[in-house]
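Notes follow once the structure below has been shown.
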Amino acid sequence: MGEFTRIEREGRVALVRFDRGDGLNALSAAAMRELTEVARSFEDDLETIAIVITGTARAFSAGADLTDPELASRKEKGLLARRHALRIGPEMCAAWERLEQVTIMAVEGFCIGGGVALAAACDIRVAGRSAFFRLPEVPLGMNMSWHSNPRLVNLMGPARAKLFTILGEKLPAPQALEWGLVEEVAEDGGALDAAMVLARRFAALPPVAVRMSKQSIDMAAKALNQAVTYMDRDQFALAATSKDQQEAISAFLEKRKPNFTGE
């Protein structure tokens, strides 16, 4: 058990509960490090076949924690230090994606920004009917990073990935199912139960065959992912220094329409 996470076990299924205690589950630097370490703790686990990760009844995550002093301090650092600090999010997603166990995310409420990035790094997603997903990065003057773009293209196709990523609009669970972002929609409050049922189905299968099959499918679908996103951390660092990004944040806080100039 960590500060923000708790691991429960049922035979060959592990359940990871992510709960910061505030109902929002924003991704602070400390929370992301802990989620990374949780994933790494399964690397040598030969008993577990499927892992379910879930948030609270209100949300999986509201995205980056804008109140986190460590995240806020990035802007005050030099480019090298800022670039290094930006590794924390993509490393969290990569740690979950690398696991040989089948990973299933159960989502109730909302899943935003970095929460969506982590969801896309998992193998399967189950959502409550009233849940929604959203990527606010582009409307806020930033690019979607954490190596998420090719993962979303793999799931949704390029056109729908553009609609979802660039427009930054809410994607309700039923539409997310139609578009391929989630694989199952349960009644509200039932996402975790549905995810556990699915996890037990995987857990009943031969473990070596499950792991080999997952890896071969991932290699077929994701072989070029790293090659096409190796610069997204640098793109984020650049976008975060633009006047448009500053204008987007100011307009959001002042509840007004932004005026973007391309500067």
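Each chain in the structure tokens gets a letter, A, B, ..., in the order shown, and its residues are numbered from 1; ligands are numbered from 1 in order too.
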Worksheet item: Could you pull out all residues of range 140-226 of chain A with a DSSP call of strand (DSSP E or B) and give them as a PyMOL selection string?
Response: chain A and resi 171-172+184-186
Output file for the selection above: N, CA, C and O atoms, as a compact mmCIF listing (two decimals), in the first residue's frame:
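Contents of part.txt, freshly written:
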```
# COMPACT_ATOMS: atom_id res chain seq x y z
N LEU A 171 -15.68 13.19 -24.62
CA LEU A 171 -16.07 12.00 -25.36
C LEU A 171 -16.82 11.08 -24.39
O LEU A 171 -16.21 10.41 -23.57
N PRO A 172 -18.15 11.06 -24.46
CA PRO A 172 -18.93 10.23 -23.53
C PRO A 172 -18.63 8.74 -23.76
O PRO A 172 -18.29 8.32 -24.86
N GLU A 184 -15.72 -1.80 -23.39
CA GLU A 184 -16.98 -2.19 -22.77
C GLU A 184 -17.54 -1.02 -21.97
O GLU A 184 -16.80 -0.31 -21.30
N VAL A 185 -18.85 -0.84 -22.04
CA VAL A 185 -19.55 0.15 -21.23
C VAL A 185 -20.48 -0.60 -20.28
O VAL A 185 -21.29 -1.42 -20.72
N ALA A 186 -20.33 -0.31 -19.00
CA ALA A 186 -21.16 -0.94 -17.97
C ALA A 186 -22.14 0.10 -17.42
O ALA A 186 -22.00 1.30 -17.66
```
Who sits within 9 Å of range 96-103 of chain A, only C-alpha atoms, same chain under 2 positions skipped, as a PDB file with all heavy atoms, in the first residue's frame:
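What landed in out-v9.pdb:
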```
ATOM      1  N   LEU A  35       2.464   5.559  -9.090  1.00  0.00           N
ATOM      2  CA  LEU A  35       1.826   4.703 -10.082  1.00  0.00           C
ATOM      3  C   LEU A  35       2.871   3.986 -10.937  1.00  0.00           C
ATOM      4  O   LEU A  35       2.677   2.836 -11.348  1.00  0.00           O
ATOM      5  CB  LEU A  35       0.893   5.524 -10.964  1.00  0.00           C
ATOM      6  CG  LEU A  35      -0.433   5.937 -10.310  1.00  0.00           C
ATOM      7  CD1 LEU A  35      -1.128   7.017 -11.136  1.00  0.00           C
ATOM      8  CD2 LEU A  35      -1.354   4.734 -10.143  1.00  0.00           C
ATOM      9  N   THR A  36       3.989   4.664 -11.193  1.00  0.00           N
ATOM     10  CA  THR A  36       5.083   4.033 -11.929  1.00  0.00           C
ATOM     11  C   THR A  36       5.673   2.885 -11.130  1.00  0.00           C
ATOM     12  O   THR A  36       5.908   1.787 -11.661  1.00  0.00           O
ATOM     13  CB  THR A  36       6.180   5.056 -12.254  1.00  0.00           C
ATOM     14  OG1 THR A  36       5.606   6.143 -12.991  1.00  0.00           O
ATOM     15  CG2 THR A  36       7.303   4.427 -13.071  1.00  0.00           C
ATOM     16  N   VAL A  38       4.239   1.191  -8.760  1.00  0.00           N
ATOM     17  CA  VAL A  38       3.254   0.101  -8.674  1.00  0.00           C
ATOM     18  C   VAL A  38       3.367  -0.796  -9.906  1.00  0.00           C
ATOM     19  O   VAL A  38       3.388  -2.025  -9.803  1.00  0.00           O
ATOM     20  CB  VAL A  38       1.825   0.665  -8.544  1.00  0.00           C
ATOM     21  CG1 VAL A  38       0.788  -0.432  -8.775  1.00  0.00           C
ATOM     22  CG2 VAL A  38       1.623   1.281  -7.162  1.00  0.00           C
ATOM     23  N   ALA A  39       3.434  -0.179 -11.084  1.00  0.00           N
ATOM     24  CA  ALA A  39       3.575  -0.972 -12.306  1.00  0.00           C
ATOM     25  C   ALA A  39       4.853  -1.794 -12.263  1.00  0.00           C
ATOM     26  O   ALA A  39       4.847  -2.999 -12.568  1.00  0.00           O
ATOM     27  CB  ALA A  39       3.561  -0.062 -13.531  1.00  0.00           C
ATOM     28  N   ARG A  40       5.942  -1.189 -11.879  1.00  0.00           N
ATOM     29  CA  ARG A  40       7.221  -1.899 -11.841  1.00  0.00           C
ATOM     30  C   ARG A  40       7.219  -3.040 -10.829  1.00  0.00           C
ATOM     31  O   ARG A  40       7.962  -4.012 -10.990  1.00  0.00           O
ATOM     32  CB  ARG A  40       8.350  -0.916 -11.546  1.00  0.00           C
ATOM     33  CG  ARG A  40       8.625   0.029 -12.710  1.00  0.00           C
ATOM     34  CD  ARG A  40       9.623   1.112 -12.351  1.00  0.00           C
ATOM     35  NE  ARG A  40       9.898   1.975 -13.501  1.00  0.00           N
ATOM     36  CZ  ARG A  40      10.509   3.148 -13.423  1.00  0.00           C
ATOM     37  NH1 ARG A  40      10.933   3.614 -12.233  1.00  0.00           N
ATOM     38  NH2 ARG A  40      10.729   3.868 -14.519  1.00  0.00           N
ATOM     39  N   PHE A  42       5.113  -5.218 -10.514  1.00  0.00           N
ATOM     40  CA  PHE A  42       4.559  -6.424 -11.139  1.00  0.00           C
ATOM     41  C   PHE A  42       5.520  -7.066 -12.139  1.00  0.00           C
ATOM     42  O   PHE A  42       5.222  -8.130 -12.670  1.00  0.00           O
ATOM     43  CB  PHE A  42       3.245  -6.087 -11.858  1.00  0.00           C
ATOM     44  CG  PHE A  42       2.092  -5.795 -10.940  1.00  0.00           C
ATOM     45  CD1 PHE A  42       1.646  -4.495 -10.767  1.00  0.00           C
ATOM     46  CD2 PHE A  42       1.452  -6.824 -10.257  1.00  0.00           C
ATOM     47  CE1 PHE A  42       0.575  -4.213  -9.922  1.00  0.00           C
ATOM     48  CE2 PHE A  42       0.390  -6.555  -9.411  1.00  0.00           C
ATOM     49  CZ  PHE A  42      -0.049  -5.245  -9.233  1.00  0.00           C
ATOM     50  N   GLU A  43       6.648  -6.443 -12.411  1.00  0.00           N
ATOM     51  CA  GLU A  43       7.541  -6.930 -13.463  1.00  0.00           C
ATOM     52  C   GLU A  43       8.061  -8.336 -13.180  1.00  0.00           C
ATOM     53  O   GLU A  43       8.251  -9.130 -14.100  1.00  0.00           O
ATOM     54  CB  GLU A  43       8.697  -5.954 -13.665  1.00  0.00           C
ATOM     55  CG  GLU A  43       8.271  -4.639 -14.325  1.00  0.00           C
ATOM     56  CD  GLU A  43       9.417  -3.669 -14.492  1.00  0.00           C
ATOM     57  OE1 GLU A  43      10.524  -3.943 -13.957  1.00  0.00           O
ATOM     58  OE2 GLU A  43       9.221  -2.634 -15.154  1.00  0.00           O
ATOM     59  N   THR A  48       0.587 -13.266 -11.169  1.00  0.00           N
ATOM     60  CA  THR A  48      -0.521 -12.436 -11.649  1.00  0.00           C
ATOM     61  C   THR A  48      -0.609 -12.475 -13.168  1.00  0.00           C
ATOM     62  O   THR A  48       0.384 -12.274 -13.861  1.00  0.00           O
ATOM     63  CB  THR A  48      -0.344 -10.980 -11.178  1.00  0.00           C
ATOM     64  OG1 THR A  48      -0.284 -10.951  -9.750  1.00  0.00           O
ATOM     65  CG2 THR A  48      -1.493 -10.108 -11.650  1.00  0.00           C
ATOM     66  N   ILE A  49      -1.802 -12.713 -13.682  1.00  0.00           N
ATOM     67  CA  ILE A  49      -2.029 -12.746 -15.131  1.00  0.00           C
ATOM     68  C   ILE A  49      -2.722 -11.483 -15.606  1.00  0.00           C
ATOM     69  O   ILE A  49      -2.463 -11.002 -16.709  1.00  0.00           O
ATOM     70  CB  ILE A  49      -2.854 -13.992 -15.511  1.00  0.00           C
ATOM     71  CG1 ILE A  49      -2.051 -15.262 -15.193  1.00  0.00           C
ATOM     72  CG2 ILE A  49      -3.248 -13.969 -16.992  1.00  0.00           C
ATOM     73  CD1 ILE A  49      -2.789 -16.537 -15.515  1.00  0.00           C
ATOM     74  N   ALA A  50      -3.621 -10.927 -14.792  1.00  0.00           N
ATOM     75  CA  ALA A  50      -4.363  -9.724 -15.191  1.00  0.00           C
ATOM     76  C   ALA A  50      -4.354  -8.717 -14.056  1.00  0.00           C
ATOM     77  O   ALA A  50      -4.436  -9.087 -12.876  1.00  0.00           O
ATOM     78  CB  ALA A  50      -5.798 -10.073 -15.569  1.00  0.00           C
ATOM     79  N   ILE A  51      -4.244  -7.445 -14.426  1.00  0.00           N
ATOM     80  CA  ILE A  51      -4.216  -6.351 -13.452  1.00  0.00           C
ATOM     81  C   ILE A  51      -5.309  -5.359 -13.808  1.00  0.00           C
ATOM     82  O   ILE A  51      -5.364  -4.869 -14.949  1.00  0.00           O
ATOM     83  CB  ILE A  51      -2.853  -5.628 -13.450  1.00  0.00           C
ATOM     84  CG1 ILE A  51      -1.712  -6.605 -13.196  1.00  0.00           C
ATOM     85  CG2 ILE A  51      -2.848  -4.508 -12.406  1.00  0.00           C
ATOM     86  CD1 ILE A  51      -0.337  -6.024 -13.501  1.00  0.00           C
ATOM     87  N   VAL A  52      -6.161  -5.056 -12.863  1.00  0.00           N
ATOM     88  CA  VAL A  52      -7.200  -4.033 -13.039  1.00  0.00           C
ATOM     89  C   VAL A  52      -6.764  -2.793 -12.264  1.00  0.00           C
ATOM     90  O   VAL A  52      -6.378  -2.886 -11.100  1.00  0.00           O
ATOM     91  CB  VAL A  52      -8.565  -4.523 -12.521  1.00  0.00           C
ATOM     92  CG1 VAL A  52      -9.603  -3.401 -12.607  1.00  0.00           C
ATOM     93  CG2 VAL A  52      -9.030  -5.741 -13.315  1.00  0.00           C
ATOM     94  N   ILE A  53      -6.818  -1.635 -12.902  1.00  0.00           N
ATOM     95  CA  ILE A  53      -6.536  -0.372 -12.221  1.00  0.00           C
ATOM     96  C   ILE A  53      -7.774   0.500 -12.288  1.00  0.00           C
ATOM     97  O   ILE A  53      -8.422   0.605 -13.338  1.00  0.00           O
ATOM     98  CB  ILE A  53      -5.302   0.345 -12.843  1.00  0.00           C
ATOM     99  CG1 ILE A  53      -5.056   1.683 -12.125  1.00  0.00           C
ATOM    100  CG2 ILE A  53      -5.444   0.527 -14.345  1.00  0.00           C
ATOM    101  CD1 ILE A  53      -3.747   2.363 -12.508  1.00  0.00           C
ATOM    102  N   GLU A  91       7.117   8.110 -18.605  1.00  0.00           N
ATOM    103  CA  GLU A  91       7.676   6.924 -17.950  1.00  0.00           C
ATOM    104  C   GLU A  91       6.599   6.151 -17.199  1.00  0.00           C
ATOM    105  O   GLU A  91       6.627   4.918 -17.155  1.00  0.00           O
ATOM    106  CB  GLU A  91       8.821   7.317 -17.022  1.00  0.00           C
ATOM    107  CG  GLU A  91      10.085   7.707 -17.782  1.00  0.00           C
ATOM    108  CD  GLU A  91      11.244   8.033 -16.862  1.00  0.00           C
ATOM    109  OE1 GLU A  91      11.029   8.090 -15.625  1.00  0.00           O
ATOM    110  OE2 GLU A  91      12.358   8.234 -17.372  1.00  0.00           O
ATOM    111  N   MET A  92       5.633   6.858 -16.604  1.00  0.00           N
ATOM    112  CA  MET A  92       4.520   6.184 -15.939  1.00  0.00           C
ATOM    113  C   MET A  92       3.735   5.355 -16.946  1.00  0.00           C
ATOM    114  O   MET A  92       3.443   4.166 -16.707  1.00  0.00           O
ATOM    115  CB  MET A  92       3.606   7.215 -15.274  1.00  0.00           C
ATOM    116  CG  MET A  92       2.328   6.622 -14.686  1.00  0.00           C
ATOM    117  SD  MET A  92       1.165   7.874 -14.080  1.00  0.00           S
ATOM    118  CE  MET A  92       0.659   8.668 -15.625  1.00  0.00           C
ATOM    119  N   CYS A  93       3.387   5.963 -18.076  1.00  0.00           N
ATOM    120  CA  CYS A  93       2.613   5.236 -19.093  1.00  0.00           C
ATOM    121  C   CYS A  93       3.408   4.062 -19.647  1.00  0.00           C
ATOM    122  O   CYS A  93       2.858   2.969 -19.847  1.00  0.00           O
ATOM    123  CB  CYS A  93       2.219   6.184 -20.217  1.00  0.00           C
ATOM    124  SG  CYS A  93       1.052   7.474 -19.718  1.00  0.00           S
ATOM    125  N   ALA A  94       4.691   4.273 -19.889  1.00  0.00           N
ATOM    126  CA  ALA A  94       5.524   3.206 -20.443  1.00  0.00           C
ATOM    127  C   ALA A  94       5.638   2.040 -19.483  1.00  0.00           C
ATOM    128  O   ALA A  94       5.664   0.874 -19.903  1.00  0.00           O
ATOM    129  CB  ALA A  94       6.905   3.751 -20.795  1.00  0.00           C
ATOM    130  N   MET A 105      -8.245  -1.023 -17.386  1.00  0.00           N
ATOM    131  CA  MET A 105      -8.629   0.146 -16.597  1.00  0.00           C
ATOM    132  C   MET A 105     -10.146   0.226 -16.483  1.00  0.00           C
ATOM    133  O   MET A 105     -10.854   0.087 -17.481  1.00  0.00           O
ATOM    134  CB  MET A 105      -8.092   1.439 -17.206  1.00  0.00           C
ATOM    135  CG  MET A 105      -8.494   2.672 -16.398  1.00  0.00           C
ATOM    136  SD  MET A 105      -7.882   4.243 -17.055  1.00  0.00           S
ATOM    137  CE  MET A 105      -6.159   4.146 -16.586  1.00  0.00           C
ATOM    138  N   LEU A 118      -2.753   7.414 -19.613  1.00  0.00           N
ATOM    139  CA  LEU A 118      -2.529   6.146 -18.918  1.00  0.00           C
ATOM    140  C   LEU A 118      -3.524   5.091 -19.384  1.00  0.00           C
ATOM    141  O   LEU A 118      -3.164   3.922 -19.565  1.00  0.00           O
ATOM    142  CB  LEU A 118      -2.632   6.355 -17.406  1.00  0.00           C
ATOM    143  CG  LEU A 118      -2.400   5.121 -16.539  1.00  0.00           C
ATOM    144  CD1 LEU A 118      -1.080   4.439 -16.871  1.00  0.00           C
ATOM    145  CD2 LEU A 118      -2.444   5.502 -15.055  1.00  0.00           C
ATOM    146  N   ALA A 120      -4.821   4.821 -22.322  1.00  0.00           N
ATOM    147  CA  ALA A 120      -4.407   4.364 -23.646  1.00  0.00           C
ATOM    148  C   ALA A 120      -3.211   3.428 -23.573  1.00  0.00           C
ATOM    149  O   ALA A 120      -2.997   2.622 -24.488  1.00  0.00           O
ATOM    150  CB  ALA A 120      -4.080   5.562 -24.539  1.00  0.00           C
ATOM    151  N   ALA A 121      -2.435   3.524 -22.495  1.00  0.00           N
ATOM    152  CA  ALA A 121      -1.280   2.644 -22.314  1.00  0.00           C
ATOM    153  C   ALA A 121      -1.678   1.269 -21.785  1.00  0.00           C
ATOM    154  O   ALA A 121      -0.875   0.335 -21.835  1.00  0.00           O
ATOM    155  CB  ALA A 121      -0.266   3.289 -21.373  1.00  0.00           C
ATOM    156  N   CYS A 122      -2.891   1.154 -21.270  1.00  0.00           N
ATOM    157  CA  CYS A 122      -3.388  -0.141 -20.800  1.00  0.00           C
ATOM    158  C   CYS A 122      -3.925  -0.940 -21.984  1.00  0.00           C
ATOM    159  O   CYS A 122      -4.131  -0.414 -23.072  1.00  0.00           O
ATOM    160  CB  CYS A 122      -4.483   0.062 -19.754  1.00  0.00           C
ATOM    161  SG  CYS A 122      -3.891   0.758 -18.190  1.00  0.00           S
ATOM    162  N   ASP A 123      -4.178  -2.219 -21.754  1.00  0.00           N
ATOM    163  CA  ASP A 123      -4.635  -3.088 -22.837  1.00  0.00           C
ATOM    164  C   ASP A 123      -6.116  -2.917 -23.138  1.00  0.00           C
ATOM    165  O   ASP A 123      -6.530  -2.960 -24.301  1.00  0.00           O
ATOM    166  CB  ASP A 123      -4.369  -4.553 -22.478  1.00  0.00           C
ATOM    167  CG  ASP A 123      -2.890  -4.847 -22.328  1.00  0.00           C
ATOM    168  OD1 ASP A 123      -2.121  -4.473 -23.236  1.00  0.00           O
ATOM    169  OD2 ASP A 123      -2.495  -5.434 -21.313  1.00  0.00           O
ATOM    170  N   ILE A 124      -6.916  -2.745 -22.094  1.00  0.00           N
ATOM    171  CA  ILE A 124      -8.380  -2.728 -22.239  1.00  0.00           C
ATOM    172  C   ILE A 124      -8.945  -1.688 -21.292  1.00  0.00           C
ATOM    173  O   ILE A 124      -8.424  -1.482 -20.192  1.00  0.00           O
ATOM    174  CB  ILE A 124      -8.966  -4.121 -21.921  1.00  0.00           C
ATOM    175  CG1 ILE A 124      -8.454  -5.162 -22.938  1.00  0.00           C
ATOM    176  CG2 ILE A 124     -10.498  -4.105 -21.924  1.00  0.00           C
ATOM    177  CD1 ILE A 124      -8.700  -6.579 -22.526  1.00  0.00           C
ATOM    178  N   ARG A 125     -10.044  -1.052 -21.719  1.00  0.00           N
ATOM    179  CA  ARG A 125     -10.691  -0.034 -20.892  1.00  0.00           C
ATOM    180  C   ARG A 125     -12.185  -0.353 -20.768  1.00  0.00           C
ATOM    181  O   ARG A 125     -12.843  -0.644 -21.772  1.00  0.00           O
ATOM    182  CB  ARG A 125     -10.517   1.353 -21.517  1.00  0.00           C
ATOM    183  CG  ARG A 125      -9.067   1.862 -21.477  1.00  0.00           C
ATOM    184  CD  ARG A 125      -8.672   2.582 -22.729  1.00  0.00           C
ATOM    185  NE  ARG A 125      -8.646   1.668 -23.864  1.00  0.00           N
ATOM    186  CZ  ARG A 125      -7.598   0.874 -24.162  1.00  0.00           C
ATOM    187  NH1 ARG A 125      -6.511   0.915 -23.435  1.00  0.00           N
ATOM    188  NH2 ARG A 125      -7.655   0.048 -25.199  1.00  0.00           N
ATOM    189  N   ALA A 199     -11.081  -9.670 -16.180  1.00  0.00           N
ATOM    190  CA  ALA A 199      -9.765 -10.066 -15.679  1.00  0.00           C
ATOM    191  C   ALA A 199      -9.747 -11.535 -15.279  1.00  0.00           C
ATOM    192  O   ALA A 199      -8.774 -12.263 -15.525  1.00  0.00           O
ATOM    193  CB  ALA A 199      -9.378  -9.189 -14.497  1.00  0.00           C
ATOM    194  N   PHE A 202      -9.262 -13.755 -18.312  1.00  0.00           N
ATOM    195  CA  PHE A 202      -7.860 -13.858 -18.699  1.00  0.00           C
ATOM    196  C   PHE A 202      -7.082 -14.736 -17.717  1.00  0.00           C
ATOM    197  O   PHE A 202      -6.230 -15.538 -18.115  1.00  0.00           O
ATOM    198  CB  PHE A 202      -7.219 -12.465 -18.747  1.00  0.00           C
ATOM    199  CG  PHE A 202      -7.561 -11.663 -19.973  1.00  0.00           C
ATOM    200  CD1 PHE A 202      -8.391 -10.554 -19.881  1.00  0.00           C
ATOM    201  CD2 PHE A 202      -7.053 -12.008 -21.209  1.00  0.00           C
ATOM    202  CE1 PHE A 202      -8.707  -9.810 -21.007  1.00  0.00           C
ATOM    203  CE2 PHE A 202      -7.361 -11.274 -22.346  1.00  0.00           C
ATOM    204  CZ  PHE A 202      -8.190 -10.167 -22.247  1.00  0.00           C
ATOM    205  N   PRO A 207      -0.881 -18.991 -18.479  1.00  0.00           N
ATOM    206  CA  PRO A 207      -0.188 -17.705 -18.317  1.00  0.00           C
ATOM    207  C   PRO A 207       0.869 -17.415 -19.375  1.00  0.00           C
ATOM    208  O   PRO A 207       1.000 -16.269 -19.815  1.00  0.00           O
ATOM    209  CB  PRO A 207       0.435 -17.793 -16.918  1.00  0.00           C
ATOM    210  CG  PRO A 207       0.448 -19.243 -16.583  1.00  0.00           C
ATOM    211  CD  PRO A 207      -0.713 -19.845 -17.284  1.00  0.00           C
ATOM    212  N   VAL A 210      -0.828 -16.410 -22.633  1.00  0.00           N
ATOM    213  CA  VAL A 210      -1.412 -15.067 -22.519  1.00  0.00           C
ATOM    214  C   VAL A 210      -0.335 -14.009 -22.708  1.00  0.00           C
ATOM    215  O   VAL A 210      -0.496 -13.055 -23.484  1.00  0.00           O
ATOM    216  CB  VAL A 210      -2.104 -14.888 -21.151  1.00  0.00           C
ATOM    217  CG1 VAL A 210      -2.502 -13.429 -20.943  1.00  0.00           C
ATOM    218  CG2 VAL A 210      -3.341 -15.779 -21.056  1.00  0.00           C
ATOM    219  N   ARG A 211       0.789 -14.163 -22.017  1.00  0.00           N
ATOM    220  CA  ARG A 211       1.858 -13.161 -22.091  1.00  0.00           C
ATOM    221  C   ARG A 211       2.457 -13.078 -23.498  1.00  0.00           C
ATOM    222  O   ARG A 211       2.688 -11.983 -24.023  1.00  0.00           O
ATOM    223  CB  ARG A 211       2.947 -13.481 -21.060  1.00  0.00           C
ATOM    224  CG  ARG A 211       2.495 -13.260 -19.620  1.00  0.00           C
ATOM    225  CD  ARG A 211       3.596 -13.609 -18.629  1.00  0.00           C
ATOM    226  NE  ARG A 211       3.157 -13.389 -17.251  1.00  0.00           N
ATOM    227  CZ  ARG A 211       3.871 -12.745 -16.341  1.00  0.00           C
ATOM    228  NH1 ARG A 211       5.058 -12.271 -16.648  1.00  0.00           N
ATOM    229  NH2 ARG A 211       3.411 -12.585 -15.114  1.00  0.00           N
ATOM    230  N   MET A 212       2.719 -14.220 -24.101  1.00  0.00           N
ATOM    231  CA  MET A 212       3.305 -14.214 -25.437  1.00  0.00           C
ATOM    232  C   MET A 212       2.347 -13.599 -26.446  1.00  0.00           C
ATOM    233  O   MET A 212       2.771 -12.848 -27.334  1.00  0.00           O
ATOM    234  CB  MET A 212       3.685 -15.634 -25.850  1.00  0.00           C
ATOM    235  CG  MET A 212       4.876 -16.200 -25.108  1.00  0.00           C
ATOM    236  SD  MET A 212       5.527 -17.730 -25.855  1.00  0.00           S
ATOM    237  CE  MET A 212       4.073 -18.797 -25.770  1.00  0.00           C
ATOM    238  N   LYS A 214      -0.054 -11.364 -25.877  1.00  0.00           N
ATOM    239  CA  LYS A 214      -0.121  -9.920 -25.672  1.00  0.00           C
ATOM    240  C   LYS A 214       1.085  -9.239 -26.317  1.00  0.00           C
ATOM    241  O   LYS A 214       0.941  -8.227 -27.022  1.00  0.00           O
ATOM    242  CB  LYS A 214      -0.176  -9.585 -24.179  1.00  0.00           C
ATOM    243  CG  LYS A 214       0.038  -8.090 -23.915  1.00  0.00           C
ATOM    244  CD  LYS A 214      -0.012  -7.696 -22.470  1.00  0.00           C
ATOM    245  CE  LYS A 214       0.482  -6.263 -22.310  1.00  0.00           C
ATOM    246  NZ  LYS A 214       0.260  -5.691 -20.978  1.00  0.00           N
ATOM    247  N   GLN A 215       2.282  -9.775 -26.076  1.00  0.00           N
ATOM    248  CA  GLN A 215       3.487  -9.144 -26.609  1.00  0.00           C
ATOM    249  C   GLN A 215       3.509  -9.158 -28.132  1.00  0.00           C
ATOM    250  O   GLN A 215       3.906  -8.173 -28.766  1.00  0.00           O
ATOM    251  CB  GLN A 215       4.727  -9.838 -26.050  1.00  0.00           C
ATOM    252  CG  GLN A 215       4.972  -9.518 -24.578  1.00  0.00           C
ATOM    253  CD  GLN A 215       6.251 -10.146 -24.061  1.00  0.00           C
ATOM    254  OE1 GLN A 215       6.441 -11.356 -24.145  1.00  0.00           O
ATOM    255  NE2 GLN A 215       7.133  -9.322 -23.532  1.00  0.00           N
TER     256      GLN A 215
END
```
Response to the item:
Using only C-alpha atoms, the residue out of A:Gly157, A:Gly189, A:Gly128, A:Pro90 with shortest distance to Met144 in chain A is A:Pro90
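Between CA of Val138 in chain A and CA of Ile166 in chain A the interatomic distance comes to 5.6 Å.
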Practice prompt. Compile the contact shell of range 222-233 of chain A as an MDAnalysis selection string: residues with an atom at most 9 Å away, counting only C-alpha atoms, same-chain residues fewer than 5 positions apart removed.
Written response: chainID A and resid 83 86:87 90 143:151 154 217 238
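CA of Pro174 in chain A is positioned 8.4 Å from CA of Ser130 in chain A.
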Worksheet item: Could you name the residues that touch range 241-257 of chain A at 6 Å or less, counting only C-alpha atoms, but leaving out those on the same chain fewer than 5 positions away, as number ranges by chain?
Response: A: 140-141, 263
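Distance annotation: of A:Ala159, A:Leu205, A:Ala240, A:Leu167, the residue with the minimal separation from Arg12 in chain A is A:Leu205; atom set is only C-alpha atoms.
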